[in-house]
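**Q** Take this structure first; my questions come after.
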Amino acid sequence: MNRFLDKLMAYKPAIFIDQLLYRIDEDRVVATGAQLTFSLILSIFPFIIVFLNILTYTPLVRLEVLNELIFYLPIETQKIITDFTLEIAKTSSQGLLSIAAILGLWTASSGIQAVIRAINMAYDFKEKRSFVRLRIMSLIFTLGLMVLITLVFLTLVFGDLVTDKIFAIIDSEFLMNLWGYLRLSIPILYMILIFALLYKFSPCKNKKYRISIISVLPGAIFTSLGWLGISKLFSYYVNNFGRYAITYGSLVGIILLLIWLYISSIIIVLGGEINATLEYFKIFGFKWNKNKSLIANMSHIDSTPGS
């Protein structure tokens with residue numbers, strides 16, 4: 001068994017996967033995802049209130065933009081969010097919405113603060129930042145996230161207007177197909193940027209230790225593509241095969257929202273773990289460390305020299 005593992009761990013992909021699995025187990029990613037879900041469920045509706053207020057200063061139609069954002073969610077969960085938005089719009093004045101937006105920003109930032117702590121844990125850094133500094137950082141990230149999401153839709157809307165005028169002059173099927181692919185890639189690129197910034201600035205690093213934007217791209221790409229893929233698969237399964245309504249009745253929308261947030265939380269933390277694993281190998285070299293190996297621990301391999 002030892003010889004087989006020694007041969008297997010001669011390959012870098014095997015070493016990377018082993019180290020990543022060790023970190024997932026050591027940092028209790030599944031439990032962290034559950035804790036993060038609790039913070040996010042309290043933050044998602046205040047986030048929507050603030051986001052809708054930001055959209056009032058843009059030419060975007062608010063409900064249409066929100067429908068685009070929740071497109072990948074199960075239908076029952078989409079109904080909850082849409083009904084909440086319509087209720088807020090009908091029963092609240094603009095002044096009350098502005099006050100709710102300020103309070104909502106504070107609440108929504110709590111979810112981002114929980115994400116920052118989870119990513120910091122993935123890097124194995126001790127949290128030395130004060131409560132005030134963490135809160136300010138989470139507020140900036142929350143506002144930045146809303147602005148970036150707004151920019152995504154502004155880019156798409158104005159991009160459609162520009163391309164419509166171009167296609168009216170130049171009838172090119174190639175350009176139309178090209179814009180179709182670019183239109184799909186724009187939200188993904190923005191998502192990668194958002195997660196890259198989150199992974200870069202979340203860890204409580206010291207002055208000697210710097211995290212470059214390039215080093216966090218693997219985790220950002222994994223989180224963006226993984227989140228889109230898992231959300232689409234989850235939505236497809238629930239809409240076509242899941243029978244949650246039989247078990248949960250009228251609570252099915254909330255239950256599905258919780259499950260989706262739980263899956264999303266795990267993916268976000270996993271992105272941080274991937275970046276942290278790559279940083280570990282960058283510092284200590286791409287070698288198999290039996291002291292930090294899930295496979296070695298499960299196989300009860302002696303980690304002392306000469307084993």
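Order determines the names: the first chain of the structure tokens is A, the second B, and so forth; residues in each chain are numbered 1 upward, and ligands are numbered 1 upward as they are shown.
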List the neighbours of range 231-243 of chain A out to 12 Å using only C-alpha atoms; skip same-chain residues closer than 2 positions along the sequence, and give me the result as a PyMOL selection string.

**A** chain A and resi 69-78+223-229+245-249+252-253+255-257+259-265+267

**Q** Just write the chosen residues, N, CA and C atoms, as a compact mmCIF listing (two decimals), in the first residue's frame.

**A**
# COMPACT_ATOMS: atom_id res chain seq x y z
N LEU A 69 -31.08 38.07 -12.59
CA LEU A 69 -30.17 37.61 -11.53
C LEU A 69 -30.61 36.27 -10.94
N ILE A 70 -31.90 36.07 -10.79
CA ILE A 70 -32.40 34.86 -10.14
C ILE A 70 -32.81 33.78 -11.14
N PHE A 71 -32.38 33.95 -12.38
CA PHE A 71 -32.77 33.05 -13.45
C PHE A 71 -32.39 31.60 -13.15
N TYR A 72 -31.24 31.38 -12.49
CA TYR A 72 -30.74 30.03 -12.25
C TYR A 72 -31.36 29.37 -11.02
N LEU A 73 -32.19 30.09 -10.29
CA LEU A 73 -32.80 29.51 -9.10
C LEU A 73 -34.03 28.69 -9.47
N PRO A 74 -34.41 27.73 -8.61
CA PRO A 74 -35.66 26.99 -8.84
C PRO A 74 -36.85 27.93 -8.91
N ILE A 75 -37.88 27.54 -9.63
CA ILE A 75 -39.04 28.40 -9.88
C ILE A 75 -39.70 28.85 -8.57
N GLU A 76 -39.84 27.92 -7.61
CA GLU A 76 -40.49 28.27 -6.33
C GLU A 76 -39.70 29.33 -5.57
N THR A 77 -38.40 29.26 -5.64
CA THR A 77 -37.56 30.25 -4.96
C THR A 77 -37.63 31.59 -5.69
N GLN A 78 -37.70 31.56 -7.02
CA GLN A 78 -37.85 32.79 -7.80
C GLN A 78 -39.13 33.52 -7.40
N THR A 223 -14.85 29.11 -8.65
CA THR A 223 -16.07 29.52 -7.97
C THR A 223 -17.11 30.04 -8.96
N SER A 224 -16.67 30.84 -9.93
CA SER A 224 -17.61 31.41 -10.90
C SER A 224 -18.25 30.33 -11.75
N LEU A 225 -17.42 29.49 -12.36
CA LEU A 225 -17.95 28.44 -13.23
C LEU A 225 -18.69 27.36 -12.43
N GLY A 226 -18.13 27.03 -11.26
CA GLY A 226 -18.76 26.02 -10.40
C GLY A 226 -20.12 26.48 -9.91
N TRP A 227 -20.21 27.75 -9.51
CA TRP A 227 -21.48 28.28 -9.01
C TRP A 227 -22.53 28.29 -10.11
N LEU A 228 -22.15 28.72 -11.31
CA LEU A 228 -23.10 28.74 -12.42
C LEU A 228 -23.55 27.33 -12.78
N GLY A 229 -22.59 26.41 -12.87
CA GLY A 229 -22.91 25.04 -13.24
C GLY A 229 -23.78 24.33 -12.22
N ALA A 245 -42.11 19.76 -2.75
CA ALA A 245 -43.40 20.31 -2.30
C ALA A 245 -44.20 19.28 -1.51
N ILE A 246 -44.00 18.00 -1.83
CA ILE A 246 -44.72 16.95 -1.10
C ILE A 246 -44.29 16.91 0.36
N THR A 247 -42.98 17.12 0.59
CA THR A 247 -42.44 17.05 1.94
C THR A 247 -42.61 18.36 2.71
N TYR A 248 -42.33 19.49 2.05
CA TYR A 248 -42.26 20.78 2.76
C TYR A 248 -43.47 21.67 2.52
N GLY A 249 -44.34 21.32 1.57
CA GLY A 249 -45.55 22.10 1.36
C GLY A 249 -45.26 23.54 0.96
N VAL A 252 -41.62 25.16 0.60
CA VAL A 252 -40.68 24.61 -0.37
C VAL A 252 -39.74 25.68 -0.92
N GLY A 253 -40.25 26.90 -1.17
CA GLY A 253 -39.40 27.96 -1.71
C GLY A 253 -38.27 28.34 -0.78
N ILE A 255 -37.03 26.46 1.71
CA ILE A 255 -36.13 25.31 1.85
C ILE A 255 -35.16 25.24 0.67
N LEU A 256 -35.68 25.44 -0.54
CA LEU A 256 -34.82 25.40 -1.72
C LEU A 256 -33.82 26.55 -1.73
N LEU A 257 -34.25 27.71 -1.24
CA LEU A 257 -33.33 28.85 -1.14
C LEU A 257 -32.20 28.54 -0.17
N ILE A 259 -31.06 25.53 0.62
CA ILE A 259 -30.17 24.52 0.02
C ILE A 259 -29.25 25.16 -1.01
N TRP A 260 -29.81 26.06 -1.82
CA TRP A 260 -29.00 26.73 -2.85
C TRP A 260 -27.91 27.60 -2.21
N LEU A 261 -28.26 28.33 -1.15
CA LEU A 261 -27.27 29.15 -0.46
C LEU A 261 -26.21 28.28 0.20
N TYR A 262 -26.60 27.13 0.70
CA TYR A 262 -25.65 26.20 1.32
C TYR A 262 -24.64 25.70 0.28
N ILE A 263 -25.15 25.29 -0.87
CA ILE A 263 -24.27 24.84 -1.95
C ILE A 263 -23.34 25.98 -2.39
N SER A 264 -23.90 27.18 -2.54
CA SER A 264 -23.12 28.34 -2.96
C SER A 264 -22.04 28.67 -1.94
N SER A 265 -22.37 28.56 -0.66
CA SER A 265 -21.40 28.85 0.41
C SER A 265 -20.21 27.90 0.35
N ILE A 267 -19.11 26.29 -2.26
CA ILE A 267 -18.32 26.57 -3.45
C ILE A 267 -17.42 27.79 -3.23

**Q** Report as JSON lines: every residue of range 29-140 of chain A with an atom at most 10 Å from range 194-202 of chain A, its closest pair of atoms, and their distance in Å to one decimal, counting only C-alpha atoms, with rows sorted by chain and ascending residue number.

**A**
{"residue": "A:Ile112", "atom": "CA", "partner": "A:Leu198", "partner_atom": "CA", "distance": 9.4}
{"residue": "A:Gln113", "atom": "CA", "partner": "A:Ser202", "partner_atom": "CA", "distance": 9.1}
{"residue": "A:Val115", "atom": "CA", "partner": "A:Ser202", "partner_atom": "CA", "distance": 8.3}
{"residue": "A:Ile116", "atom": "CA", "partner": "A:Ser202", "partner_atom": "CA", "distance": 5.0}
{"residue": "A:Arg117", "atom": "CA", "partner": "A:Ser202", "partner_atom": "CA", "distance": 7.4}
{"residue": "A:Ala118", "atom": "CA", "partner": "A:Ser202", "partner_atom": "CA", "distance": 8.9}
{"residue": "A:Ile119", "atom": "CA", "partner": "A:Ser202", "partner_atom": "CA", "distance": 6.4}
{"residue": "A:Asn120", "atom": "CA", "partner": "A:Ser202", "partner_atom": "CA", "distance": 6.1}
{"residue": "A:Met121", "atom": "CA", "partner": "A:Ser202", "partner_atom": "CA", "distance": 9.8}
{"residue": "A:Tyr123", "atom": "CA", "partner": "A:Ser202", "partner_atom": "CA", "distance": 9.7}
{"residue": "A:Leu134", "atom": "CA", "partner": "A:Ser202", "partner_atom": "CA", "distance": 9.3}
{"residue": "A:Met137", "atom": "CA", "partner": "A:Ser202", "partner_atom": "CA", "distance": 8.6}
{"residue": "A:Ser138", "atom": "CA", "partner": "A:Ser202", "partner_atom": "CA", "distance": 9.2}

**Q** Would you kindly return, as number ranges by chain, each protein, DNA or RNA residue with an atom no farther than 10 Å from any atom of Thr155 in chain A, considering only C-alpha atoms and excluding same-chain residues fewer than 6 positions away?

**A** A: 149, 161, 183, 186-187

**Q** Between CA of Val216 in chain A and CA of Trp106 in chain A, measure the distance and give it in Å to one decimal.

**A** 27.2 Å

**Q** Enter the distance from CA of Leu42 in chain A to CA of Leu154 in chain A, in Å, rounded to one decimal.

**A** 27.8 Å

**Q** Pick the closest to Gly144 in chain A from A:Thr277, A:Ser185, A:Ser109, A:Thr82: which is it, counting only C-alpha atoms?

**A**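 When distances to Gly144 in chain A are compared using only C-alpha atoms, the smallest one comes from A:Ser109.
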
**Q** Using Å and a single decimal, report how far CA of Phe286 in chain A sits from CA of Ile15 in chain A.

**A**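 According to the coordinates, CA of Ile15 in chain A and CA of Phe286 in chain A are separated by 7.7 Å.
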
**Q** Name the residues of range 52-244 of chain A that come out as helix (DSSP H, G or I) in a backbone DSSP run; write them as an NGL selection string.

**A** :A and (52-55 or 62-69 or 75-91 or 94-122 or 131-169 or 173-201 or 217-240 or 244)

**Q** Have a look at A:Asp27, A:Glu64, A:Asp83, A:Glu173 and name the one nearest to Ala276 in chain A; count only C-alpha atoms.

**A**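 Nearest to Ala276 in chain A: A:Asp27.
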
**Q** Would you pick out the contacts of Asp25 in chain A at 12 Å or less, using only C-alpha atoms, so that residues sharing its chain but fewer than 3 positions from it are not included, and give the list as a ChimeraX atom specification?

**A** /A:18-22,28-32,122,270,273,292-295,297-298

**Q** Quick one: of A:Glu279, A:Phe153, A:Asn67, A:Ile170, who's nearest to Ile211 in chain A, counting only C-alpha atoms?

**A** A:Glu279

**Q** Name the residues in contact with Ala108 in chain A at a cut-off of 12 Å, using only C-alpha atoms, excluding same-chain residues fewer than 3 positions from it; report them as a PDB file with N, CA and C atoms, in the first residue's frame.

**A**
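Saved to part_13.pdb:
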ATOM      1  N   SER A  39     -25.757  33.273   7.763  1.00  0.00           N
ATOM      2  CA  SER A  39     -25.505  34.708   7.589  1.00  0.00           C
ATOM      3  C   SER A  39     -26.067  35.220   6.273  1.00  0.00           C
ATOM      4  N   LEU A  40     -25.953  34.421   5.222  1.00  0.00           N
ATOM      5  CA  LEU A  40     -26.413  34.853   3.904  1.00  0.00           C
ATOM      6  C   LEU A  40     -27.931  34.922   3.812  1.00  0.00           C
ATOM      7  N   ILE A  41     -28.636  34.003   4.481  1.00  0.00           N
ATOM      8  CA  ILE A  41     -30.100  34.019   4.415  1.00  0.00           C
ATOM      9  C   ILE A  41     -30.651  35.268   5.092  1.00  0.00           C
ATOM     10  N   LEU A  42     -29.928  35.775   6.116  1.00  0.00           N
ATOM     11  CA  LEU A  42     -30.341  37.010   6.769  1.00  0.00           C
ATOM     12  C   LEU A  42     -29.965  38.243   5.956  1.00  0.00           C
ATOM     13  N   SER A  43     -29.045  38.065   4.998  1.00  0.00           N
ATOM     14  CA  SER A  43     -28.512  39.204   4.248  1.00  0.00           C
ATOM     15  C   SER A  43     -29.120  39.364   2.866  1.00  0.00           C
ATOM     16  N   ILE A  44     -29.667  38.296   2.300  1.00  0.00           N
ATOM     17  CA  ILE A  44     -30.050  38.322   0.893  1.00  0.00           C
ATOM     18  C   ILE A  44     -31.188  39.305   0.608  1.00  0.00           C
ATOM     19  N   PHE A  45     -32.180  39.399   1.485  1.00  0.00           N
ATOM     20  CA  PHE A  45     -33.299  40.295   1.221  1.00  0.00           C
ATOM     21  C   PHE A  45     -32.935  41.764   1.461  1.00  0.00           C
ATOM     22  N   PRO A  46     -32.181  42.093   2.524  1.00  0.00           N
ATOM     23  CA  PRO A  46     -31.665  43.469   2.620  1.00  0.00           C
ATOM     24  C   PRO A  46     -30.785  43.845   1.429  1.00  0.00           C
ATOM     25  N   PHE A  47     -30.010  42.875   0.931  1.00  0.00           N
ATOM     26  CA  PHE A  47     -29.174  43.118  -0.250  1.00  0.00           C
ATOM     27  C   PHE A  47     -30.047  43.504  -1.446  1.00  0.00           C
ATOM     28  N   ILE A  48     -31.163  42.823  -1.610  1.00  0.00           N
ATOM     29  CA  ILE A  48     -32.073  43.116  -2.725  1.00  0.00           C
ATOM     30  C   ILE A  48     -32.635  44.524  -2.596  1.00  0.00           C
ATOM     31  N   ILE A  49     -32.995  44.941  -1.363  1.00  0.00           N
ATOM     32  CA  ILE A  49     -33.538  46.286  -1.153  1.00  0.00           C
ATOM     33  C   ILE A  49     -32.529  47.352  -1.562  1.00  0.00           C
ATOM     34  N   VAL A  50     -31.275  47.186  -1.121  1.00  0.00           N
ATOM     35  CA  VAL A  50     -30.231  48.155  -1.462  1.00  0.00           C
ATOM     36  C   VAL A  50     -29.966  48.150  -2.964  1.00  0.00           C
ATOM     37  N   PHE A  51     -29.917  46.970  -3.546  1.00  0.00           N
ATOM     38  CA  PHE A  51     -29.644  46.840  -4.979  1.00  0.00           C
ATOM     39  C   PHE A  51     -30.725  47.525  -5.810  1.00  0.00           C
ATOM     40  N   ALA A 100     -34.683  52.077   4.445  1.00  0.00           N
ATOM     41  CA  ALA A 100     -34.525  50.622   4.481  1.00  0.00           C
ATOM     42  C   ALA A 100     -33.231  50.204   3.781  1.00  0.00           C
ATOM     43  N   ALA A 101     -32.839  50.954   2.734  1.00  0.00           N
ATOM     44  CA  ALA A 101     -31.611  50.633   2.011  1.00  0.00           C
ATOM     45  C   ALA A 101     -30.385  50.836   2.889  1.00  0.00           C
ATOM     46  N   ILE A 102     -30.396  51.913   3.688  1.00  0.00           N
ATOM     47  CA  ILE A 102     -29.267  52.182   4.586  1.00  0.00           C
ATOM     48  C   ILE A 102     -29.155  51.088   5.642  1.00  0.00           C
ATOM     49  N   LEU A 103     -30.281  50.733   6.244  1.00  0.00           N
ATOM     50  CA  LEU A 103     -30.283  49.656   7.233  1.00  0.00           C
ATOM     51  C   LEU A 103     -29.976  48.312   6.571  1.00  0.00           C
ATOM     52  N   GLY A 104     -30.485  48.142   5.362  1.00  0.00           N
ATOM     53  CA  GLY A 104     -30.242  46.894   4.635  1.00  0.00           C
ATOM     54  C   GLY A 104     -28.794  46.718   4.265  1.00  0.00           C
ATOM     55  N   LEU A 105     -28.112  47.830   3.973  1.00  0.00           N
ATOM     56  CA  LEU A 105     -26.690  47.760   3.635  1.00  0.00           C
ATOM     57  C   LEU A 105     -25.894  47.213   4.811  1.00  0.00           C
ATOM     58  N   GLY A 111     -23.369  39.372   5.858  1.00  0.00           N
ATOM     59  CA  GLY A 111     -23.134  38.168   5.067  1.00  0.00           C
ATOM     60  C   GLY A 111     -21.772  38.192   4.406  1.00  0.00           C
ATOM     61  N   ILE A 112     -21.377  39.353   3.865  1.00  0.00           N
ATOM     62  CA  ILE A 112     -20.059  39.490   3.247  1.00  0.00           C
ATOM     63  C   ILE A 112     -18.964  39.340   4.293  1.00  0.00           C
ATOM     64  N   GLN A 113     -19.215  39.850   5.503  1.00  0.00           N
ATOM     65  CA  GLN A 113     -18.236  39.724   6.582  1.00  0.00           C
ATOM     66  C   GLN A 113     -18.009  38.257   6.931  1.00  0.00           C
ATOM     67  N   ALA A 114     -19.070  37.473   6.907  1.00  0.00           N
ATOM     68  CA  ALA A 114     -18.944  36.036   7.177  1.00  0.00           C
ATOM     69  C   ALA A 114     -18.130  35.356   6.076  1.00  0.00           C
ATOM     70  N   VAL A 115     -18.314  35.795   4.829  1.00  0.00           N
ATOM     71  CA  VAL A 115     -17.529  35.254   3.711  1.00  0.00           C
ATOM     72  C   VAL A 115     -16.059  35.581   3.895  1.00  0.00           C
ATOM     73  N   ARG A 135     -15.894  45.476   9.499  1.00  0.00           N
ATOM     74  CA  ARG A 135     -17.204  45.978   9.087  1.00  0.00           C
ATOM     75  C   ARG A 135     -17.075  46.957   7.921  1.00  0.00           C
ATOM     76  N   SER A 138     -16.326  44.969   4.812  1.00  0.00           N
ATOM     77  CA  SER A 138     -17.506  44.251   4.318  1.00  0.00           C
ATOM     78  C   SER A 138     -18.509  45.211   3.681  1.00  0.00           C
ATOM     79  N   LEU A 139     -18.631  46.432   4.222  1.00  0.00           N
ATOM     80  CA  LEU A 139     -19.514  47.436   3.620  1.00  0.00           C
ATOM     81  C   LEU A 139     -19.019  47.831   2.233  1.00  0.00           C
ATOM     82  N   ILE A 140     -17.697  48.000   2.106  1.00  0.00           N
ATOM     83  CA  ILE A 140     -17.113  48.368   0.808  1.00  0.00           C
ATOM     84  C   ILE A 140     -17.336  47.249  -0.204  1.00  0.00           C
ATOM     85  N   PHE A 141     -17.110  46.017   0.235  1.00  0.00           N
ATOM     86  CA  PHE A 141     -17.324  44.875  -0.653  1.00  0.00           C
ATOM     87  C   PHE A 141     -18.789  44.762  -1.072  1.00  0.00           C
ATOM     88  N   THR A 142     -19.700  45.001  -0.145  1.00  0.00           N
ATOM     89  CA  THR A 142     -21.133  44.907  -0.455  1.00  0.00           C
ATOM     90  C   THR A 142     -21.534  45.943  -1.498  1.00  0.00           C
ATOM     91  N   LEU A 143     -21.107  47.178  -1.283  1.00  0.00           N
ATOM     92  CA  LEU A 143     -21.398  48.239  -2.249  1.00  0.00           C
ATOM     93  C   LEU A 143     -20.727  47.950  -3.595  1.00  0.00           C
ATOM     94  N   LEU A 145     -19.941  45.078  -4.823  1.00  0.00           N
ATOM     95  CA  LEU A 145     -20.641  43.970  -5.476  1.00  0.00           C
ATOM     96  C   LEU A 145     -21.887  44.465  -6.198  1.00  0.00           C
ATOM     97  N   MET A 146     -22.643  45.340  -5.539  1.00  0.00           N
ATOM     98  CA  MET A 146     -23.855  45.873  -6.167  1.00  0.00           C
ATOM     99  C   MET A 146     -23.525  46.715  -7.393  1.00  0.00           C
TER     100      MET A 146
END
